[in-house]
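Undergrad: One structure follows; several queries about it will come next.
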Amino acid sequence: MFDELKSFPMGDEDIEFLPLLPFDDGEEGESPPDAYNDILPLLPLRNTVLFPEVVIPITVGREKSMRAVKAANNADKFIAVVAQKDAGVENPTEADLYRTGTIARIVKMLKMPDSGTTVILQGRKRFVIEEFIAEKGQLKARIKVLPSVPPPKDNEFKAIISTIKDLSGQIISLSPNIPSEAGVVLRNIDKPDFLVHFISSNLNIGIAEKQELLETEDPRKRAVQVLKYLNTELQMAELKNQIQSKVRTDIDKQQRDYFLHQQLKTIQEELGNESYEGDIEDLKMRGLKKKWTKEVNDTFTKELKRLQRMNPALPEYSMSVNYLELLLDLPWNEYTTDNFDLKRCQQILDKDHYGLEKVKKRILEYLAVLKLKGDMKAPILCFIGPPGVGKTSLGKSIAKALKRKYVRMSLGGLHDEAEIRGHRRTYIGAMPGRIIQSVRKSKSGNPLFILDEIDKVGSDFRGDPSSALLEVLDPEQNSTFYDNYLELEYDLSKVLFIATANSLATMHPALLDRMEIIEISGYSVEEKIEIAKRHLLPRQREAHGLQSKQINITPSVLTKLINEYTRESGVRELERKIAALMRATAKMVAMEEDYNPRLNAEDVVRILGAPVYDRDLYQNDNPPGVAVGLAWTQTGGDILFIECILSKGKGRLTLTGNLGDVMKESVTTALSYLRAHAETMQLDPDVFDNTDVHVHVPEGAIPKDGPSAGITMLTALTSAFTKRSVKPYLAMTGEITLRGKVLPVGGIKEKILAAKRAGITTIILSHANQKDVNEINAQYIEGITFHYVKEMQEVLAISLEKQQN
């Protein structure tokens with residue numbers, strides 16, 4: 001069995017060119033006749049004829065054809081290709097094949113996704129079959145290679161070739177199905193014999209005519225015959241264009257759409273379906289009930305009239321309907337009534353959140369002014385604090401206290417400015433921005449709007465959402481907020497915006513300028529215990545289907561959970577640990593096991609495993625050169641070890657631990673100060689030139705930066721050089737100058753709470769930070785001694801052990 005050629009489609013009427021050029025491998029058409037074996041595998045083709053130098057792809061599917069191709073590919077890659085006289089013969093014999101064919105080289109074999117095999121063949125030399133040979137389930141032939149006749153070089157032949165090129169170009173221009181690149185290919189063919197073969201292979205003529213061209217030895221006769229076929233093709237192409245021009249209708253597309261629309265309308269009425277006019281009338285009646293401005297009413301009326309003239313089958317119809325529904329759904333001048341019972345508001349805030357007195361005070365102040373004045377523009381509040389301290393849930397409580405609608409919009413990972421301002425209606429699938437969508441969803445013009453994670457807004461080639469938020473969060477501008485989709489100004493001045501963030505470092509400076517920053521610090525152990533008793537335990541009991549008599553978690557157990565199983569500023573991890581205890585208890589209740597509802601420390605270890613955090617780790621006596629600092633992170637505070645070691649060398653300074661530029665500068669400043677005051681420290685000034693210093697901050701995978709470790713760096717260096725250990729249970733934080741001054745730093749509450757969690761009993765701070773300590777509830781820092789200093793010499797006097805004689 002043999003296979004047929006499946007090349008690019010060639011219809012009965014349209015000529016299609018196959019713009020494949022020969023591979024330049026250095027032996028194209030130049031191999032002598034004796035370069036090929038006289039016996040080659042035979043591959044019959046149907047529906048086409050392969051010409052020398054022409055490259056064609058074929059799909060091989062018949063078994064004999066596949067054997068012939070594999071045999072040739074495994075040998076010298078040459079195969080004898082002949083055409084079938086009748087394409088319908090599935091298993092051709094000698095009588096079904098032409099005697100003259102083309103030796104082809106297998107250029108490539110490709111496995112196709114449908115499990116078929118495609119072979120790319122390149123024609124080489126013409127041959128005549130002398131004898132057919134049947135062998136091992138495949139067909140071979142003894143061939144005789146026909147010599148190549150060089151093309152004439154006279155002017156007449158050149159004129160024929162030029163005419164062939166011109167006619168081919170005209171046919172390409174008249175045939176819309178032929179790519180224009182085919183003309184470029186033809187113009188760049190310089191060899192006359194290849195040009196004739198190339199066009200012969202792609203002529204829209206029968207197999208017999210193509211075979212006749214292949215068997216013609218005289219290049220001139222072959223070129224003249226090709227020219228005749230091209231003339232016929234050109235006449236057919238011109239005739240087709242004339243016919244298409246005569247029968248082309250002049251009916252306007254809008255008229256055609258109108259008639260079809262009327263027919264569709266009639267069909268719908270016959271079927272009993274409501275027409276589009278009912279929907280338009282419904283929109284019109286809803287518009288009459290709205291209390292909007294003249295500008296909005298004019299826009300609505302204009303768009304509605306446009307919709308009535310529009311064909312419902314057009315994509316613009318649904319876009320126009322969506323726009324009108326947005327106008328109708330938006331709460332134009334529709335507001336909820338605020339509750340100004342300040343005592344009730346305070347009770348709700350106190351009930352839902354323990355602590356946070358500063359935030360509650362600011363909210364009540366705003367409500368008091370709004371109650372007295374009545375038209376105060378809403379402030380833009382921004383809650384800054386570590387995760388899990390209740391920033392987002394505080395917004396819900398404020399909305400409940402005010403009896404306002406609550407809307408939350410997460411900005412984390414937002415990159416596209418259109419998410420804020422909306423897309424222009426010229427685009428298919430355009431939508432309003434999320435600000436307008438959220439107000440539409442709330443059905444109120446004065447909701448409480450939470451902008452969650454505003455510090456995590458991104459910026460890339462699609463725009464800067466932070467810049468788009470500038471208009472939203474400016475009380476002087478948001479009364480005329482412009483959405484690209486709405487194309488009207490919308491009043492956001494009555495909306496109470498509350499933003500939440502973990503850090504100010506990544507926020508746009510202009511955005512910060514438009515908001516009132518309210519810092520929410522981490523919770524102390526005492527606050528966490530109270531929050532757990534009031535909120536976490538009841539919520540988790542209900543979530544696990546337990547009653548209060550079935551489980552009793554005492555404050556001592558809560559303290560163990562907080563100190564040994566969590567290390568956070570908020571209470572999320574604490575709630576997860578409580579949930580684990582609840583699950584274990586629920587299992588025992590469900591299986592009717594005997595257990596003690598009052599959990600103790602042993603029960604916690606049995607359920608949660610060994611403690612994750614060991615406070616003793618930070619209470620051991622440290623050798624000289626090690627000092628404990630206090631750090632602020634996005635998850636709250638933490639203690640930081642500064643390790644310094646000395647070795648003989650040439651005064652080199654090595655810094656490790658993934659330190660930022662500011663922190664590196666603090667080490668350099670501390671070392672310079674120590675050099676300048678070597679005699680005061682009873683140190684030999686030459687020791688710095690003969691000693692290499694290595695400063696390391698553990699947990700090197702975590703980036704660290706900031707100036708607050710300055711006094712800790714100097715203390716560690718002084719401890720290493722003087723061989724005086726730092727006193728145990730002591731930590732410090734503060735920035736230093738070259739003059740030895742101690743400057744204040746931020747994040748004091750988080751740092752102090754972290755120190756207490758770690759068992760620190762003595763803390764050294766800048767004198768200017770005393771006001772920050774005074775704001776902390778005294779019972780939360782009970783047991784900690786504070787030293788407020790102005791000079792670095794005071795730090796060293798307090799922190800270092802006495803010199804041993």
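Starting from 1 in every chain, residues are counted up; chains themselves are A, B, ... following the order of the structure tokens, and ligands are numbered from 1 as listed.
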I'd like to know which residues of region 583-787 of chain A are strand (DSSP E or B) (by DSSP, run on the backbone); could you write them as number ranges by chain?
TA: A: 598, 626-633, 636-648, 653-656, 659, 691-696, 704, 726, 730-732, 735-736, 741-743, 762-766, 785-787
Undergrad: Show which residues sit within 7 Å of Phe481 (chain A), as an mmCIF file with N, CA and C atoms, in the first residue's frame. Count only C-alpha atoms, and ignore same-chain residues fewer than 5 positions away.
TA:
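Ended up saving to selection_28.cif:
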data_model
loop_
_atom_site.group_PDB
_atom_site.id
_atom_site.type_symbol
_atom_site.label_atom_id
_atom_site.label_comp_id
_atom_site.auth_asym_id
_atom_site.auth_seq_id
_atom_site.Cartn_x
_atom_site.Cartn_y
_atom_site.Cartn_z
ATOM 1 N N GLU A 471 -6.665 61.031 44.704
ATOM 2 C CA GLU A 471 -7.927 61.749 44.560
ATOM 3 C C GLU A 471 -8.996 61.167 45.476
ATOM 4 N N VAL A 472 -8.991 59.839 45.633
ATOM 5 C CA VAL A 472 -9.996 59.187 46.466
ATOM 6 C C VAL A 472 -9.851 59.609 47.923
ATOM 7 N N GLU A 489 -18.828 62.893 37.474
ATOM 8 C CA GLU A 489 -18.261 63.125 38.791
ATOM 9 C C GLU A 489 -19.170 62.529 39.858
ATOM 10 N N TYR A 490 -18.546 61.831 40.813
ATOM 11 C CA TYR A 490 -19.316 61.207 41.884
ATOM 12 C C TYR A 490 -18.780 61.693 43.222
ATOM 13 N N ASP A 491 -19.686 61.966 44.148
ATOM 14 C CA ASP A 491 -19.325 62.542 45.443
ATOM 15 C C ASP A 491 -18.968 61.438 46.433
ATOM 16 N N LEU A 492 -17.683 61.395 46.828
ATOM 17 C CA LEU A 492 -17.214 60.446 47.840
ATOM 18 C C LEU A 492 -16.908 61.129 49.171
#
Undergrad: Running DSSP on the backbone, which parts of region 388-492 of chain A land in alpha helix (DSSP H), as a VMD selection string?
TA: chain A and resid 391 to 402 418 to 421 434 to 442 465 to 472
Undergrad: So, counting only C-alpha atoms, which residue among A:Gln793, A:Asn658, A:Ser201, A:Gln235 is closest to Lys741 (chain A)?
TA: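 Of A:Gln793, A:Asn658, A:Ser201, A:Gln235, the one nearest Lys741 (chain A) is A:Gln793, counting only C-alpha atoms.
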Undergrad: From the list A:Leu195, A:Val495, A:Met66, A:Ala237, which residue is nearest Thr336 (chain A) when using only C-alpha atoms?
TA: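 For Thr336 (chain A), the nearest of the candidates is A:Val495.
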Undergrad: Name the residues in contact with region 537-546 of chain A at a cut-off of 10 Å, using only C-alpha atoms, excluding same-chain residues fewer than 2 positions from it; report them as a list of chain:residue names.
TA: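 The residues that qualify are A:Ile531, A:Ala532, A:Lys533, A:Arg534, A:His535, A:Ser548, A:Lys549, A:Gln550, A:Ile551, A:Asn552, A:Ile553, A:Glu575, A:Arg576, A:Ile578, A:Ala579, A:Ala580, A:Leu581, A:Met582, A:Arg583, A:Thr585, A:Ala586, A:Lys587, A:Val589.
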Undergrad: Could you turn the residues from that selection into a file that holds C-alpha atoms, as a PDB file, in the first residue's frame?
TA:
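Result went into out.pdb, see below:
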ATOM      1  CA  ILE A 531      -8.645  39.250  74.504  1.00  0.00           C
ATOM      2  CA  ALA A 532      -8.575  35.465  74.606  1.00  0.00           C
ATOM      3  CA  LYS A 533     -11.014  35.343  77.518  1.00  0.00           C
ATOM      4  CA  ARG A 534     -13.422  37.871  75.978  1.00  0.00           C
ATOM      5  CA  HIS A 535     -13.303  36.971  72.291  1.00  0.00           C
ATOM      6  CA  SER A 548     -18.262  26.117  78.501  1.00  0.00           C
ATOM      7  CA  LYS A 549     -18.548  23.201  80.938  1.00  0.00           C
ATOM      8  CA  GLN A 550     -16.803  20.870  78.478  1.00  0.00           C
ATOM      9  CA  ILE A 551     -13.535  22.833  78.374  1.00  0.00           C
ATOM     10  CA  ASN A 552     -11.899  25.246  80.772  1.00  0.00           C
ATOM     11  CA  ILE A 553      -8.717  27.067  79.715  1.00  0.00           C
ATOM     12  CA  GLU A 575      -6.244  31.723  68.232  1.00  0.00           C
ATOM     13  CA  ARG A 576      -4.889  28.859  66.114  1.00  0.00           C
ATOM     14  CA  ILE A 578      -6.596  27.630  71.102  1.00  0.00           C
ATOM     15  CA  ALA A 579      -8.391  26.030  68.137  1.00  0.00           C
ATOM     16  CA  ALA A 580      -5.997  23.067  68.369  1.00  0.00           C
ATOM     17  CA  LEU A 581      -6.915  22.601  72.037  1.00  0.00           C
ATOM     18  CA  MET A 582     -10.593  22.843  71.120  1.00  0.00           C
ATOM     19  CA  ARG A 583     -10.246  20.195  68.423  1.00  0.00           C
ATOM     20  CA  THR A 585     -11.251  18.296  73.372  1.00  0.00           C
ATOM     21  CA  ALA A 586     -14.016  17.939  70.756  1.00  0.00           C
ATOM     22  CA  LYS A 587     -12.524  14.593  69.717  1.00  0.00           C
ATOM     23  CA  VAL A 589     -16.173  14.548  73.751  1.00  0.00           C
TER      24      VAL A 589
END
Undergrad: Taking only C-alpha atoms into account, name the residue in A:Arg408, A:Arg105, A:Arg598, A:Arg256 that is nearest to Ser556 (chain A).
TA: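 Going through A:Arg408, A:Arg105, A:Arg598, A:Arg256 one by one, the smallest distance to Ser556 (chain A) is for A:Arg598.
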Undergrad: Can you tell me which residues surround region 678-688 of chain A at a distance of at most 8 Å, considering only C-alpha atoms, apart from same-chain residues fewer than 5 positions away, and format the answer as a ChimeraX atom specification?
TA: /A:651,721-722
Undergrad: For C-alpha atoms, I'd like the residues from the last selection saved as a PDB file, in the first residue's frame.
TA:
ATOM      1  CA  GLY A 651      42.408  46.197  61.316  1.00  0.00           C
ATOM      2  CA  PHE A 721      37.888  44.999  73.228  1.00  0.00           C
ATOM      3  CA  THR A 722      37.705  45.490  77.019  1.00  0.00           C
TER       4      THR A 722
END
Undergrad: Interatomic distance between CA of Asp474 (chain A) and CA of Ala510 (chain A)?
TA: 10.2 Å
Undergrad: Using 9 Å as the limit and counting only C-alpha atoms, can you tabulate each residue of region 279-377 of chain A that touches region 425-440 of chain A, with its shortest atom-to-atom distance in Å and the two atoms involved, as a tab-separated table?
TA:
residue	atom	partner	partner_atom	distance
A:Pro315	CA	A:Ile428	CA	8.2
A:Glu316	CA	A:Ile428	CA	8.5
A:Met319	CA	A:Gly429	CA	7.9
A:Tyr323	CA	A:Arg425	CA	8.8
A:Leu326	CA	A:Arg440	CA	7.7
A:Asp329	CA	A:Arg440	CA	6.0
A:Leu330	CA	A:Arg440	CA	4.8
A:Pro331	CA	A:Arg440	CA	6.7
Undergrad: Give the answer as one residue: which of A:Glu215, A:Asp96, A:Glu643, A:Asp166 has the shortest atom-to-atom distance to Ala83 (chain A), using only C-alpha atoms?
TA: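 Among A:Glu215, A:Asp96, A:Glu643, A:Asp166, it is A:Asp96 that comes nearest to Ala83 (chain A).
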Undergrad: Which is closer to Gly390 (chain A) than all the others in A:Ala505, A:Ile520, A:Ile171, A:Leu40, using only C-alpha atoms?
TA: A:Ile520
Undergrad: Find the residues around region 411-421 of chain A up to 10 Å (only C-alpha atoms counted), leave out those fewer than 2 positions away in its own chain, and share them as a PyMOL selection string.
TA: chain A and resi 408-409+423-424+430-437+450-469+471-472+481-486+499-501
Undergrad: May I have the residues within 10 Å of Ile79 (chain A) as a ChimeraX atom specification, using only C-alpha atoms and disregarding those fewer than 5 positions away in the same chain?
TA: /A:36-37,39-43,68-73,102-106,121,123,140-141
Undergrad: Taking N, CA, C and O atoms for each residue, export the selection above as a short mmCIF file (atom, residue, chain, number, x, y, z; two decimals), in the first residue's frame.
TA:
data_model
loop_
_atom_site.label_atom_id
_atom_site.label_comp_id
_atom_site.auth_asym_id
_atom_site.auth_seq_id
_atom_site.Cartn_x
_atom_site.Cartn_y
_atom_site.Cartn_z
N TYR A 36 23.96 8.33 -7.27
CA TYR A 36 22.80 7.68 -6.68
C TYR A 36 22.86 6.18 -6.99
O TYR A 36 23.33 5.75 -8.05
N ASN A 37 22.34 5.37 -6.08
CA ASN A 37 22.23 3.94 -6.33
C ASN A 37 21.26 3.68 -7.47
O ASN A 37 20.27 4.41 -7.65
N ILE A 39 19.32 1.14 -7.62
CA ILE A 39 18.10 0.57 -7.05
C ILE A 39 17.74 1.39 -5.80
O ILE A 39 18.53 1.50 -4.86
N LEU A 40 16.55 1.98 -5.83
CA LEU A 40 16.10 2.83 -4.74
C LEU A 40 14.69 2.42 -4.31
O LEU A 40 13.91 1.90 -5.12
N PRO A 41 14.34 2.65 -3.02
CA PRO A 41 12.95 2.45 -2.59
C PRO A 41 12.02 3.36 -3.40
O PRO A 41 12.38 4.50 -3.72
N LEU A 42 10.84 2.87 -3.70
CA LEU A 42 9.90 3.59 -4.56
C LEU A 42 8.73 4.12 -3.73
O LEU A 42 8.12 3.38 -2.96
N LEU A 43 8.43 5.41 -3.89
CA LEU A 43 7.34 6.05 -3.17
C LEU A 43 6.36 6.65 -4.17
O LEU A 43 6.64 7.69 -4.76
N ALA A 68 9.11 2.07 2.72
CA ALA A 68 10.04 2.65 1.74
C ALA A 68 10.75 3.87 2.32
O ALA A 68 11.96 4.05 2.15
N VAL A 69 9.96 4.73 3.00
CA VAL A 69 10.55 5.95 3.58
C VAL A 69 11.56 5.58 4.67
O VAL A 69 12.66 6.15 4.73
N LYS A 70 11.21 4.62 5.53
CA LYS A 70 12.14 4.24 6.60
C LYS A 70 13.41 3.60 6.04
O LYS A 70 14.52 3.85 6.52
N ALA A 71 13.24 2.78 4.98
CA ALA A 71 14.41 2.15 4.37
C ALA A 71 15.35 3.20 3.79
O ALA A 71 16.57 3.12 3.93
N ALA A 72 14.77 4.19 3.10
CA ALA A 72 15.60 5.24 2.51
C ALA A 72 16.24 6.09 3.59
O ALA A 72 17.40 6.48 3.49
N ASN A 73 15.47 6.41 4.65
CA ASN A 73 15.98 7.27 5.71
C ASN A 73 17.12 6.59 6.47
O ASN A 73 18.05 7.24 6.91
N THR A 102 11.16 11.55 -10.00
CA THR A 102 12.22 12.42 -9.47
C THR A 102 12.85 11.76 -8.25
O THR A 102 12.14 11.27 -7.36
N ILE A 103 14.18 11.71 -8.26
CA ILE A 103 14.89 11.26 -7.07
C ILE A 103 14.76 12.34 -5.99
O ILE A 103 15.01 13.53 -6.26
N ALA A 104 14.35 11.95 -4.80
CA ALA A 104 14.15 12.91 -3.71
C ALA A 104 15.05 12.56 -2.54
O ALA A 104 15.35 11.40 -2.28
N ARG A 105 15.45 13.60 -1.84
CA ARG A 105 16.23 13.43 -0.61
C ARG A 105 15.30 13.70 0.57
O ARG A 105 14.58 14.70 0.59
N ILE A 106 15.32 12.79 1.54
CA ILE A 106 14.49 12.99 2.73
C ILE A 106 15.19 14.02 3.63
O ILE A 106 16.24 13.77 4.21
N LEU A 121 10.36 16.26 1.55
CA LEU A 121 11.17 15.76 0.45
C LEU A 121 11.71 16.91 -0.39
O LEU A 121 11.01 17.89 -0.62
N GLY A 123 13.32 17.46 -4.18
CA GLY A 123 13.61 16.87 -5.48
C GLY A 123 15.05 17.10 -5.91
O GLY A 123 15.60 18.18 -5.67
N LYS A 140 10.60 -1.50 -4.81
CA LYS A 140 11.81 -0.80 -5.22
C LYS A 140 11.84 -0.75 -6.75
O LYS A 140 11.03 -1.40 -7.42
N ALA A 141 12.76 0.06 -7.23
CA ALA A 141 12.85 0.20 -8.68
C ALA A 141 14.31 0.36 -9.10
O ALA A 141 15.10 1.02 -8.41
#
